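Working notes, structure below.
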Amino acid sequence: MQLQQLRYFVAVADTRHFTRAAQREHVAQPSLSQQIRALERELGAELFHRARGHISLTDAGQALLPLARRVLADTETARREVQEVARLRRGRVRLGATPSLCASIVPDVLRAFHDRYPGVELFVHEDGSQDLVRVLAAGELDLALLITPLAGQAPVLTTEELLHEELVVVSPPDEPAPVRRTRIRVADLEDRPLAMFRRGYDLRELTVATCREAGFEPVFAVEGGEMDAVLGFVRAGLGLAVVPRMVADRSGLRVTRFAPPGLHRTISVAHRGDVSPTRAARELQRILTERLTGPAA
């Protein structure tokens with residue numbers, strides 16, 4: 001049973017005339033009649049009483065008509081909904097991001113996406129890069145903003161580097177700068193109390209690894225916080241913190257940059273390599289790329 005046959009059947013039922021039905025469907029009358037006959041053969045019953053100058057539904061035709069109308073209506077609804085998704089009038093995109101990125105670049109990117117595609121539902125999952133990789137691999141996210149390179153073995157992902165982000169030291173604005181020089185060195189953090197993020201936080205791992213590379217173990221005045229909490233600890237004078245420049249510039253805290261070559265981290269966007277992203281996810285990735293790297297030349 002074909003949708004075209006059902007459309008022809010409904011057209012004949014509405015017009016009670018094969019020629020007028022063919023005209024309505026923009027098809028030759030013999031072709032329409034052949035399709036009706038093929039439908040009747042498949043169903044094993046005649047659908048119309050055919051008398052000269054008079055066409056009426058049989059009992060079988062009466063039974064089929066409401067079902068045919070429902071199938072055609074559902075088909076049209078499915079067509080419209082798929083087209084709306086394809087045109088990004090509807091849909092959903094699921095983005096994972098680290099907490100520091102959720103506090104800096106993600107809100108502006110999501111605002112830009114929502115302004116263009118208000119009918120697309122946005123879902124954000126906030127976690128550390130390693131946890132985001134697991135959620136992404138499980139198919140629960142479309143895209144993830146990660147700090148790369150990733151530690152340990154990761155599932156097969158397609159990644160694109162977006163930004164090399166500068167990290168800086170923040171301290172209370174009403175206290176003296178942490179050093180008299182305009183730039184701070186990693187070695188200057190030795191024996192200085194730090195406000196430290198919780199375990200699993202990418203910034204925690206990077207700060208600890210950097211201090212160890214400089215030959216010392218960092219001292220934690222307080223640890224276990226999320227981004228807003230750590231900034232609050234710094235504001236209260238509990239210690240210094242190493243944070244992204246984009247976060248620091250919005251924090252109201254004193255910002256001290258690292259001496260050359262500075263301290264940076266790489267932000268990448270990733271999706272599963274074995275699954276093609278949805279159009280909504282591709283469009284969000286395009287906006288991310290535009291915002292963080294500038295439009296492609």
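Residues in the structure tokens are named by chain (A, B, ... in the order shown) and by number from 1 within that chain; ligands are numbered from 1 in the order shown.
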
Spatial neighbours of Phe220 of chain A, max dist 10 Å, only C-alpha atoms, sep filter under 4 positions, as a VMD selection string: chain A and resid 191 to 197 238 to 241

Saved selection, atoms kept: N, CA and C atoms, as a short mmCIF file (atom, residue, chain, number, x, y, z; two decimals), in the first residue's frame:
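In the end it all went to selection_27.cif:
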```
data_model
loop_
_atom_site.label_atom_id
_atom_site.label_comp_id
_atom_site.auth_asym_id
_atom_site.auth_seq_id
_atom_site.Cartn_x
_atom_site.Cartn_y
_atom_site.Cartn_z
N ASP A 191 54.92 28.26 48.47
CA ASP A 191 54.59 28.65 49.84
C ASP A 191 53.51 29.73 49.93
N ARG A 192 52.90 30.07 48.80
CA ARG A 192 51.78 31.01 48.82
C ARG A 192 50.48 30.21 48.91
N PRO A 193 49.61 30.48 49.86
CA PRO A 193 48.36 29.72 49.96
C PRO A 193 47.49 29.93 48.72
N LEU A 194 46.94 28.85 48.23
CA LEU A 194 46.10 28.89 47.05
C LEU A 194 44.67 28.47 47.39
N ALA A 195 43.71 29.12 46.77
CA ALA A 195 42.32 28.66 46.79
C ALA A 195 42.19 27.68 45.63
N MET A 196 41.91 26.42 45.95
CA MET A 196 42.02 25.36 44.94
C MET A 196 40.67 24.75 44.62
N PHE A 197 40.50 24.44 43.36
CA PHE A 197 39.27 23.82 42.88
C PHE A 197 39.16 22.37 43.37
N LEU A 238 41.53 34.44 51.32
CA LEU A 238 42.03 33.13 51.76
C LEU A 238 43.23 32.65 50.96
N GLY A 239 43.41 33.13 49.75
CA GLY A 239 44.55 32.70 48.95
C GLY A 239 44.45 33.21 47.53
N LEU A 240 45.48 32.90 46.75
CA LEU A 240 45.49 33.23 45.32
C LEU A 240 44.85 32.09 44.55
N ALA A 241 44.54 32.33 43.27
CA ALA A 241 44.03 31.26 42.41
C ALA A 241 44.48 31.50 40.99
#
```

Per-residue DSSP, segment 65-264 of chain A, filtered to alpha helix (DSSP H), as a CSV table (one decimal) with N, CA, C and O atoms, in the first residue's frame:
```csv
chain,number,residue,atom,x,y,z
A,65,LEU,N,-11.7,4.9,4.4
A,65,LEU,CA,-11.6,6.3,4.2
A,65,LEU,C,-11.0,7.0,5.5
A,65,LEU,O,-10.0,7.8,5.4
A,66,PRO,N,-11.6,6.8,6.7
A,66,PRO,CA,-11.0,7.6,7.8
A,66,PRO,C,-9.6,7.1,8.2
A,66,PRO,O,-8.8,8.0,8.6
A,67,LEU,N,-9.3,5.9,7.9
A,67,LEU,CA,-7.9,5.4,8.2
A,67,LEU,C,-6.9,6.1,7.2
A,67,LEU,O,-5.8,6.5,7.5
A,68,ALA,N,-7.4,6.2,5.9
A,68,ALA,CA,-6.5,6.8,4.9
A,68,ALA,C,-6.3,8.3,5.2
A,68,ALA,O,-5.2,8.8,5.1
A,69,ARG,N,-7.4,8.9,5.6
A,69,ARG,CA,-7.2,10.4,6.0
A,69,ARG,C,-6.2,10.5,7.1
A,69,ARG,O,-5.4,11.5,7.1
A,70,ARG,N,-6.3,9.6,8.1
A,70,ARG,CA,-5.4,9.7,9.3
A,70,ARG,C,-3.9,9.5,8.9
A,70,ARG,O,-3.0,10.2,9.3
A,71,VAL,N,-3.7,8.5,8.0
A,71,VAL,CA,-2.4,8.2,7.5
A,71,VAL,C,-1.8,9.4,6.8
A,71,VAL,O,-0.6,9.8,7.0
A,72,LEU,N,-2.6,10.0,5.9
A,72,LEU,CA,-2.1,11.1,5.1
A,72,LEU,C,-1.9,12.3,6.0
A,72,LEU,O,-0.9,13.0,5.8
A,73,ALA,N,-2.7,12.5,7.0
A,73,ALA,CA,-2.5,13.6,7.9
A,73,ALA,C,-1.2,13.4,8.7
A,73,ALA,O,-0.5,14.4,8.9
A,74,ASP,N,-1.0,12.2,9.2
A,74,ASP,CA,0.2,11.9,10.0
A,74,ASP,C,1.4,12.1,9.1
A,74,ASP,O,2.5,12.6,9.6
A,75,THR,N,1.3,11.7,7.9
A,75,THR,CA,2.5,11.8,7.0
A,75,THR,C,2.8,13.3,6.8
A,75,THR,O,4.0,13.7,6.8
A,76,GLU,N,1.8,14.1,6.6
A,76,GLU,CA,2.0,15.6,6.4
A,76,GLU,C,2.6,16.2,7.7
A,76,GLU,O,3.5,17.0,7.6
A,77,THR,N,2.1,15.7,8.8
A,77,THR,CA,2.7,16.3,10.1
A,77,THR,C,4.1,15.9,10.2
A,77,THR,O,5.0,16.7,10.6
A,78,ALA,N,4.4,14.6,9.9
A,78,ALA,CA,5.8,14.2,9.9
A,78,ALA,C,6.7,15.0,9.0
A,78,ALA,O,7.8,15.4,9.3
A,79,ARG,N,6.2,15.2,7.8
A,79,ARG,CA,7.0,16.0,6.8
A,79,ARG,C,7.2,17.4,7.3
A,79,ARG,O,8.4,17.9,7.2
A,80,ARG,N,6.2,18.1,7.9
A,80,ARG,CA,6.4,19.4,8.4
A,80,ARG,C,7.4,19.4,9.6
A,80,ARG,O,8.3,20.3,9.6
A,81,GLU,N,7.3,18.5,10.5
A,81,GLU,CA,8.1,18.4,11.6
A,81,GLU,C,9.6,18.2,11.2
A,81,GLU,O,10.5,18.8,11.8
A,82,VAL,N,9.8,17.3,10.3
A,82,VAL,CA,11.2,17.0,9.8
A,82,VAL,C,11.7,18.2,9.1
A,82,VAL,O,12.9,18.6,9.3
A,83,GLN,N,10.9,18.9,8.3
A,83,GLN,CA,11.4,20.1,7.7
A,83,GLN,C,11.7,21.2,8.7
A,83,GLN,O,12.7,22.0,8.5
A,84,GLU,N,10.9,21.3,9.8
A,84,GLU,CA,11.2,22.3,10.8
A,84,GLU,C,12.5,22.0,11.5
A,84,GLU,O,13.3,22.9,11.8
A,85,VAL,N,12.8,20.7,11.8
A,85,VAL,CA,14.1,20.4,12.4
A,85,VAL,C,15.2,20.7,11.4
A,85,VAL,O,16.3,21.2,11.8
A,86,ALA,N,15.0,20.3,10.1
A,86,ALA,CA,16.0,20.5,9.1
A,86,ALA,C,16.3,22.0,8.9
A,86,ALA,O,17.5,22.4,8.7
A,99,PRO,N,33.4,23.7,34.0
A,99,PRO,CA,32.8,24.8,34.7
A,99,PRO,C,33.4,26.2,34.4
A,99,PRO,O,32.6,27.1,34.4
A,100,SER,N,34.7,26.2,34.2
A,100,SER,CA,35.3,27.5,33.9
A,100,SER,C,34.8,28.1,32.6
A,100,SER,O,34.6,29.3,32.4
A,101,LEU,N,34.5,27.2,31.6
A,101,LEU,CA,34.0,27.6,30.3
A,101,LEU,C,32.6,28.0,30.4
A,101,LEU,O,32.1,28.9,29.8
A,102,CYS,N,31.8,27.3,31.3
A,102,CYS,CA,30.4,27.7,31.5
A,102,CYS,C,30.3,29.1,32.2
A,102,CYS,O,29.3,29.8,32.0
A,106,VAL,N,30.7,30.2,27.4
A,106,VAL,CA,29.4,29.4,27.0
A,106,VAL,C,28.2,30.3,27.0
A,106,VAL,O,27.4,30.2,26.1
A,107,PRO,N,27.9,31.1,28.0
A,107,PRO,CA,26.7,32.0,28.0
A,107,PRO,C,26.6,32.8,26.7
A,107,PRO,O,25.5,32.9,26.1
A,108,ASP,N,27.7,33.5,26.3
A,108,ASP,CA,27.6,34.3,25.1
A,108,ASP,C,27.3,33.5,23.9
A,108,ASP,O,26.6,33.9,23.0
A,109,VAL,N,28.0,32.3,23.8
A,109,VAL,CA,27.8,31.5,22.6
A,109,VAL,C,26.3,31.0,22.5
A,109,VAL,O,25.7,31.0,21.5
A,110,LEU,N,25.8,30.5,23.7
A,110,LEU,CA,24.4,30.1,23.7
A,110,LEU,C,23.4,31.2,23.4
A,110,LEU,O,22.4,30.9,22.8
A,111,ARG,N,23.7,32.4,23.8
A,111,ARG,CA,22.8,33.5,23.5
A,111,ARG,C,22.8,33.8,22.0
A,111,ARG,O,21.8,34.0,21.4
A,112,ALA,N,24.0,33.7,21.4
A,112,ALA,CA,24.0,33.9,20.0
A,112,ALA,C,23.3,32.8,19.2
A,112,ALA,O,22.6,33.1,18.2
A,113,PHE,N,23.4,31.6,19.7
A,113,PHE,CA,22.7,30.5,19.0
A,113,PHE,C,21.2,30.6,19.2
A,113,PHE,O,20.4,30.5,18.3
A,114,HIS,N,20.8,30.9,20.5
A,114,HIS,CA,19.4,31.1,20.8
A,114,HIS,C,18.7,32.2,20.0
A,114,HIS,O,17.6,32.1,19.5
A,115,ASP,N,19.4,33.3,19.8
A,115,ASP,CA,18.9,34.4,19.1
A,115,ASP,C,18.6,34.0,17.6
A,115,ASP,O,17.6,34.5,17.0
A,116,ARG,N,19.4,33.2,17.0
A,116,ARG,CA,19.2,32.7,15.6
A,116,ARG,C,18.2,31.6,15.5
A,116,ARG,O,17.5,31.5,14.6
A,129,SER,N,36.8,17.6,32.0
A,129,SER,CA,37.0,17.1,30.7
A,129,SER,C,36.9,15.6,30.6
A,129,SER,O,36.3,15.0,29.7
A,130,GLN,N,37.5,14.9,31.6
A,130,GLN,CA,37.5,13.4,31.5
A,130,GLN,C,36.1,12.9,31.7
A,130,GLN,O,35.7,12.0,31.0
A,131,ASP,N,35.3,13.5,32.6
A,131,ASP,CA,33.9,13.1,32.8
A,131,ASP,C,33.1,13.4,31.5
A,131,ASP,O,32.2,12.6,31.1
A,132,LEU,N,33.4,14.6,30.9
A,132,LEU,CA,32.6,14.9,29.7
A,132,LEU,C,32.9,13.9,28.6
A,132,LEU,O,32.0,13.6,27.8
A,133,VAL,N,34.2,13.5,28.5
A,133,VAL,CA,34.5,12.5,27.5
A,133,VAL,C,33.6,11.2,27.6
A,133,VAL,O,33.1,10.7,26.7
A,134,ARG,N,33.5,10.8,28.9
A,134,ARG,CA,32.7,9.6,29.1
A,134,ARG,C,31.2,9.8,28.7
A,134,ARG,O,30.6,8.9,28.1
A,135,VAL,N,30.7,11.0,29.1
A,135,VAL,CA,29.3,11.3,28.8
A,135,VAL,C,29.1,11.4,27.3
A,135,VAL,O,28.1,10.9,26.7
A,136,LEU,N,30.1,12.0,26.6
A,136,LEU,CA,30.0,12.2,25.1
A,136,LEU,C,30.1,10.8,24.5
A,136,LEU,O,29.3,10.5,23.5
A,137,ALA,N,31.0,9.9,24.9
A,137,ALA,CA,31.1,8.6,24.4
A,137,ALA,C,29.9,7.8,24.5
A,137,ALA,O,29.5,6.9,23.7
A,202,ASP,N,39.7,20.6,35.8
A,202,ASP,CA,40.9,20.7,34.9
A,202,ASP,C,41.9,21.8,35.4
A,202,ASP,O,43.1,21.5,35.3
A,203,LEU,N,41.4,22.9,35.9
A,203,LEU,CA,42.3,23.9,36.4
A,203,LEU,C,43.1,23.4,37.6
A,203,LEU,O,44.3,23.9,37.8
A,204,ARG,N,42.5,22.6,38.4
A,204,ARG,CA,43.3,22.1,39.5
A,204,ARG,C,44.4,21.2,39.0
A,204,ARG,O,45.6,21.4,39.5
A,205,GLU,N,44.1,20.3,38.1
A,205,GLU,CA,45.2,19.4,37.6
A,205,GLU,C,46.3,20.2,36.9
A,205,GLU,O,47.5,19.9,37.1
A,206,LEU,N,45.9,21.2,36.2
A,206,LEU,CA,46.9,22.0,35.5
A,206,LEU,C,47.8,22.8,36.4
A,206,LEU,O,49.0,22.9,36.3
A,207,THR,N,47.2,23.4,37.4
A,207,THR,CA,47.9,24.2,38.4
A,207,THR,C,48.9,23.3,39.2
A,207,THR,O,50.1,23.7,39.4
A,208,VAL,N,48.4,22.2,39.7
A,208,VAL,CA,49.3,21.3,40.5
A,208,VAL,C,50.4,20.8,39.6
A,208,VAL,O,51.6,20.8,40.0
A,209,ALA,N,50.1,20.4,38.4
A,209,ALA,CA,51.2,19.9,37.5
A,209,ALA,C,52.2,21.0,37.2
A,209,ALA,O,53.4,20.7,37.2
A,210,THR,N,51.8,22.2,37.0
A,210,THR,CA,52.7,23.3,36.7
A,210,THR,C,53.6,23.6,37.9
A,210,THR,O,54.8,23.8,37.7
A,211,CYS,N,53.0,23.6,39.1
A,211,CYS,CA,53.8,23.8,40.3
A,211,CYS,C,54.9,22.7,40.4
A,211,CYS,O,56.1,23.0,40.8
A,212,ARG,N,54.5,21.5,40.2
A,212,ARG,CA,55.4,20.4,40.4
A,212,ARG,C,56.5,20.4,39.3
A,212,ARG,O,57.7,20.1,39.6
A,213,GLU,N,56.2,20.9,38.1
A,213,GLU,CA,57.2,21.0,37.1
A,213,GLU,C,58.2,22.1,37.5
A,213,GLU,O,59.4,22.0,37.1
A,227,MET,N,34.0,27.2,40.4
A,227,MET,CA,34.5,28.5,40.0
A,227,MET,C,34.1,29.7,40.9
A,227,MET,O,34.9,30.4,41.4
A,228,ASP,N,32.8,29.8,41.1
A,228,ASP,CA,32.2,30.9,41.8
A,228,ASP,C,32.7,30.9,43.3
A,228,ASP,O,33.1,31.9,43.9
A,229,ALA,N,32.8,29.7,43.8
A,229,ALA,CA,33.3,29.5,45.2
A,229,ALA,C,34.7,29.9,45.3
A,229,ALA,O,35.1,30.6,46.3
A,230,VAL,N,35.6,29.5,44.4
A,230,VAL,CA,37.0,29.8,44.5
A,230,VAL,C,37.2,31.3,44.3
A,230,VAL,O,38.0,31.9,45.0
A,231,LEU,N,36.5,31.9,43.4
A,231,LEU,CA,36.6,33.4,43.3
A,231,LEU,C,36.2,34.1,44.6
A,231,LEU,O,36.8,35.1,45.0
A,232,GLY,N,35.2,33.5,45.3
A,232,GLY,CA,34.8,34.1,46.6
A,232,GLY,C,35.8,33.9,47.6
A,232,GLY,O,36.0,34.8,48.5
A,233,PHE,N,36.5,32.7,47.6
A,233,PHE,CA,37.6,32.5,48.6
A,233,PHE,C,38.7,33.5,48.4
A,233,PHE,O,39.3,34.0,49.3
A,234,VAL,N,39.0,33.8,47.1
A,234,VAL,CA,40.1,34.7,46.8
A,234,VAL,C,39.7,36.1,47.3
A,234,VAL,O,40.4,36.9,47.9
A,235,ARG,N,38.4,36.5,47.0
A,235,ARG,CA,37.9,37.8,47.4
A,235,ARG,C,37.9,38.0,48.9
A,235,ARG,O,38.2,39.1,49.4
A,245,ARG,N,41.9,33.9,31.9
A,245,ARG,CA,41.8,35.4,31.8
A,245,ARG,C,40.4,35.9,31.6
A,245,ARG,O,40.0,36.9,32.1
A,246,MET,N,39.6,35.1,30.8
A,246,MET,CA,38.2,35.6,30.5
A,246,MET,C,37.4,35.6,31.8
A,246,MET,O,36.5,36.4,31.9
A,247,VAL,N,37.7,34.6,32.7
A,247,VAL,CA,37.0,34.6,33.9
A,247,VAL,C,37.5,35.7,34.8
A,247,VAL,O,36.7,36.5,35.5
A,248,ALA,N,38.8,35.9,34.9
A,248,ALA,CA,39.4,36.9,35.8
A,248,ALA,C,38.9,38.3,35.4
A,248,ALA,O,38.7,39.1,36.3
A,249,ASP,N,38.8,38.6,34.1
A,249,ASP,CA,38.4,39.9,33.7
A,249,ASP,C,37.0,40.3,34.1
A,249,ASP,O,36.7,41.5,34.2
A,250,ARG,N,36.2,39.3,34.4
A,250,ARG,CA,34.8,39.6,34.8
A,250,ARG,C,34.6,39.5,36.4
A,250,ARG,O,33.6,39.7,36.9
A,251,SER,N,35.7,39.1,37.1
A,251,SER,CA,35.6,38.8,38.5
A,251,SER,C,35.6,40.0,39.4
A,251,SER,O,35.2,39.9,40.6
```

Best match for closeness to Leu167 of chain A among A:Gly262, A:Gly53, A:Pro244, A:Pro277, counting only C-alpha atoms: A:Pro244

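Minimum atom-to-atom distances from A:Leu288, A:Ile55, A:Ala45, A:Val27 to Thr15 of chain A were compared using only C-alpha atoms, and the lowest value belongs to A:Ile55.
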
Nearest-residue call for Thr19 of chain A, choices A:Leu263, A:Val242, A:Val269, A:Leu32, using only C-alpha atoms: A:Leu32

Counting only C-alpha atoms, the residue of A:Ala138, A:Leu95, A:Ala28, A:Ala221 that sits nearest Arg282 of chain A: A:Leu95

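Reported to one decimal place, the separation of atom CA of Ser171 of chain A from atom CA of Ala236 of chain A is 9.4 Å.
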
Atom CA of Ala259 of chain A to atom CA of Glu290 of chain A, straight-line distance in Å: 29.2 Å

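Among the candidate residues A:Ser33, A:Thr98, A:Gln5, A:Ser104, the one lying nearest to Ile147 of chain A is A:Thr98, with distances computed using only C-alpha atoms.
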
For Pro261 of chain A, the nearest of the candidates A:Ala38, A:Ile184, A:Leu162, A:Leu150, counting only C-alpha atoms: A:Ile184

Using only C-alpha atoms, determine which residues lie at most 8 Å from Glu46 of chain A, disregarding the query and same-chain residues fewer than 6 positions distant; provide the list as an mmCIF file with N, CA, C and O atoms, in the first residue's frame.
```cif
data_model
loop_
_atom_site.group_PDB
_atom_site.id
_atom_site.type_symbol
_atom_site.label_atom_id
_atom_site.label_comp_id
_atom_site.auth_asym_id
_atom_site.auth_seq_id
_atom_site.Cartn_x
_atom_site.Cartn_y
_atom_site.Cartn_z
ATOM 1 N N GLU A 40 -7.014 -1.895 -4.700
ATOM 2 C CA GLU A 40 -8.102 -2.838 -4.454
ATOM 3 C C GLU A 40 -7.608 -4.279 -4.511
ATOM 4 O O GLU A 40 -8.012 -5.113 -3.686
ATOM 5 N N THR A 58 -17.921 1.624 -1.363
ATOM 6 C CA THR A 58 -18.411 0.346 -0.842
ATOM 7 C C THR A 58 -18.223 0.343 0.672
ATOM 8 O O THR A 58 -17.648 1.271 1.250
ATOM 9 N N ALA A 60 -16.182 -1.521 2.208
ATOM 10 C CA ALA A 60 -14.731 -1.544 2.399
ATOM 11 C C ALA A 60 -14.150 -0.145 2.234
ATOM 12 O O ALA A 60 -13.255 0.270 2.980
ATOM 13 N N GLY A 61 -14.667 0.591 1.249
ATOM 14 C CA GLY A 61 -14.205 1.957 1.044
ATOM 15 C C GLY A 61 -14.548 2.856 2.223
ATOM 16 O O GLY A 61 -13.739 3.700 2.639
#
```

DSSP strand (DSSP E or B) selection over segment 165-264 of chain A, as a PyMOL selection string: chain A and resi 165-171+183-184+193-197+219-225+240-244+254-258+263-264

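Coordinates place atom CA of Ile267 of chain A at a distance of 22.9 Å from atom CA of Arg185 of chain A.
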
Neighbour list for Pro178 of chain A as an MDAnalysis selection string, cut-off 12 Å, only C-alpha atoms, skip fewer than 2 positions in-chain: chainID A and resid 168:176 180:186 188:190 192:194 237 239:241 254:258

Filtering to C-alpha atoms, could you give me those residues as an mmCIF file, in the first residue's frame?
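Wrote part.cif, looks like this:
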```
data_model
loop_
_atom_site.group_PDB
_atom_site.id
_atom_site.type_symbol
_atom_site.label_atom_id
_atom_site.label_comp_id
_atom_site.auth_asym_id
_atom_site.auth_seq_id
_atom_site.Cartn_x
_atom_site.Cartn_y
_atom_site.Cartn_z
ATOM 1 C CA VAL A 168 46.404 34.394 35.166
ATOM 2 C CA VAL A 169 46.646 34.775 38.948
ATOM 3 C CA VAL A 170 43.826 36.536 40.795
ATOM 4 C CA SER A 171 44.099 38.146 44.226
ATOM 5 C CA PRO A 172 41.930 40.456 46.371
ATOM 6 C CA PRO A 173 41.579 43.925 44.816
ATOM 7 C CA ASP A 174 42.007 45.688 48.170
ATOM 8 C CA GLU A 175 45.342 44.012 48.979
ATOM 9 C CA PRO A 176 48.816 44.591 47.508
ATOM 10 C CA ARG A 180 56.145 43.886 43.008
ATOM 11 C CA ARG A 181 56.859 43.096 39.379
ATOM 12 C CA THR A 182 54.162 43.498 36.730
ATOM 13 C CA ARG A 183 54.340 39.751 35.954
ATOM 14 C CA ILE A 184 54.395 36.767 38.288
ATOM 15 C CA ARG A 185 56.437 33.587 37.846
ATOM 16 C CA VAL A 186 55.210 30.105 38.665
ATOM 17 C CA ASP A 188 56.465 32.868 43.068
ATOM 18 C CA LEU A 189 53.540 30.630 44.008
ATOM 19 C CA GLU A 190 55.747 28.448 46.220
ATOM 20 C CA ARG A 192 51.777 31.010 48.819
ATOM 21 C CA PRO A 193 48.365 29.724 49.961
ATOM 22 C CA LEU A 194 46.100 28.892 47.048
ATOM 23 C CA GLY A 237 41.607 36.872 51.220
ATOM 24 C CA GLY A 239 44.548 32.699 48.945
ATOM 25 C CA LEU A 240 45.493 33.231 45.321
ATOM 26 C CA ALA A 241 44.026 31.258 42.412
ATOM 27 C CA ARG A 254 43.178 41.940 40.846
ATOM 28 C CA VAL A 255 44.683 40.225 37.786
ATOM 29 C CA THR A 256 48.399 39.425 37.517
ATOM 30 C CA ARG A 257 49.721 37.837 34.339
ATOM 31 C CA PHE A 258 52.458 35.213 34.237
#
```

Long-range neighbours of Gln285 of chain A as a ChimeraX atom specification, 8 Å cut-off, only C-alpha atoms, 4 positions minimum in chain: /A:143,269,281,289

File dump, residues just selected, N, CA, C and O atoms, as a PDB file, in the first residue's frame:
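After the write, out30.pdb holds the following:
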```
ATOM      1  N   LEU A 143      27.980  17.663  21.574  1.00  0.00           N
ATOM      2  CA  LEU A 143      29.280  18.337  21.516  1.00  0.00           C
ATOM      3  C   LEU A 143      29.797  18.521  22.932  1.00  0.00           C
ATOM      4  O   LEU A 143      29.025  18.561  23.882  1.00  0.00           O
ATOM      5  N   VAL A 269      36.738  21.673  20.797  1.00  0.00           N
ATOM      6  CA  VAL A 269      35.371  21.164  20.729  1.00  0.00           C
ATOM      7  C   VAL A 269      35.449  19.754  20.158  1.00  0.00           C
ATOM      8  O   VAL A 269      36.235  19.478  19.259  1.00  0.00           O
ATOM      9  N   ALA A 281      23.712  20.685  16.068  1.00  0.00           N
ATOM     10  CA  ALA A 281      25.041  20.593  16.682  1.00  0.00           C
ATOM     11  C   ALA A 281      26.096  21.203  15.766  1.00  0.00           C
ATOM     12  O   ALA A 281      27.014  21.891  16.234  1.00  0.00           O
ATOM     13  N   THR A 289      33.122  28.213  16.801  1.00  0.00           N
ATOM     14  CA  THR A 289      34.351  28.494  16.047  1.00  0.00           C
ATOM     15  C   THR A 289      34.442  29.966  15.689  1.00  0.00           C
ATOM     16  O   THR A 289      35.511  30.580  15.811  1.00  0.00           O
TER      17      THR A 289
END
```
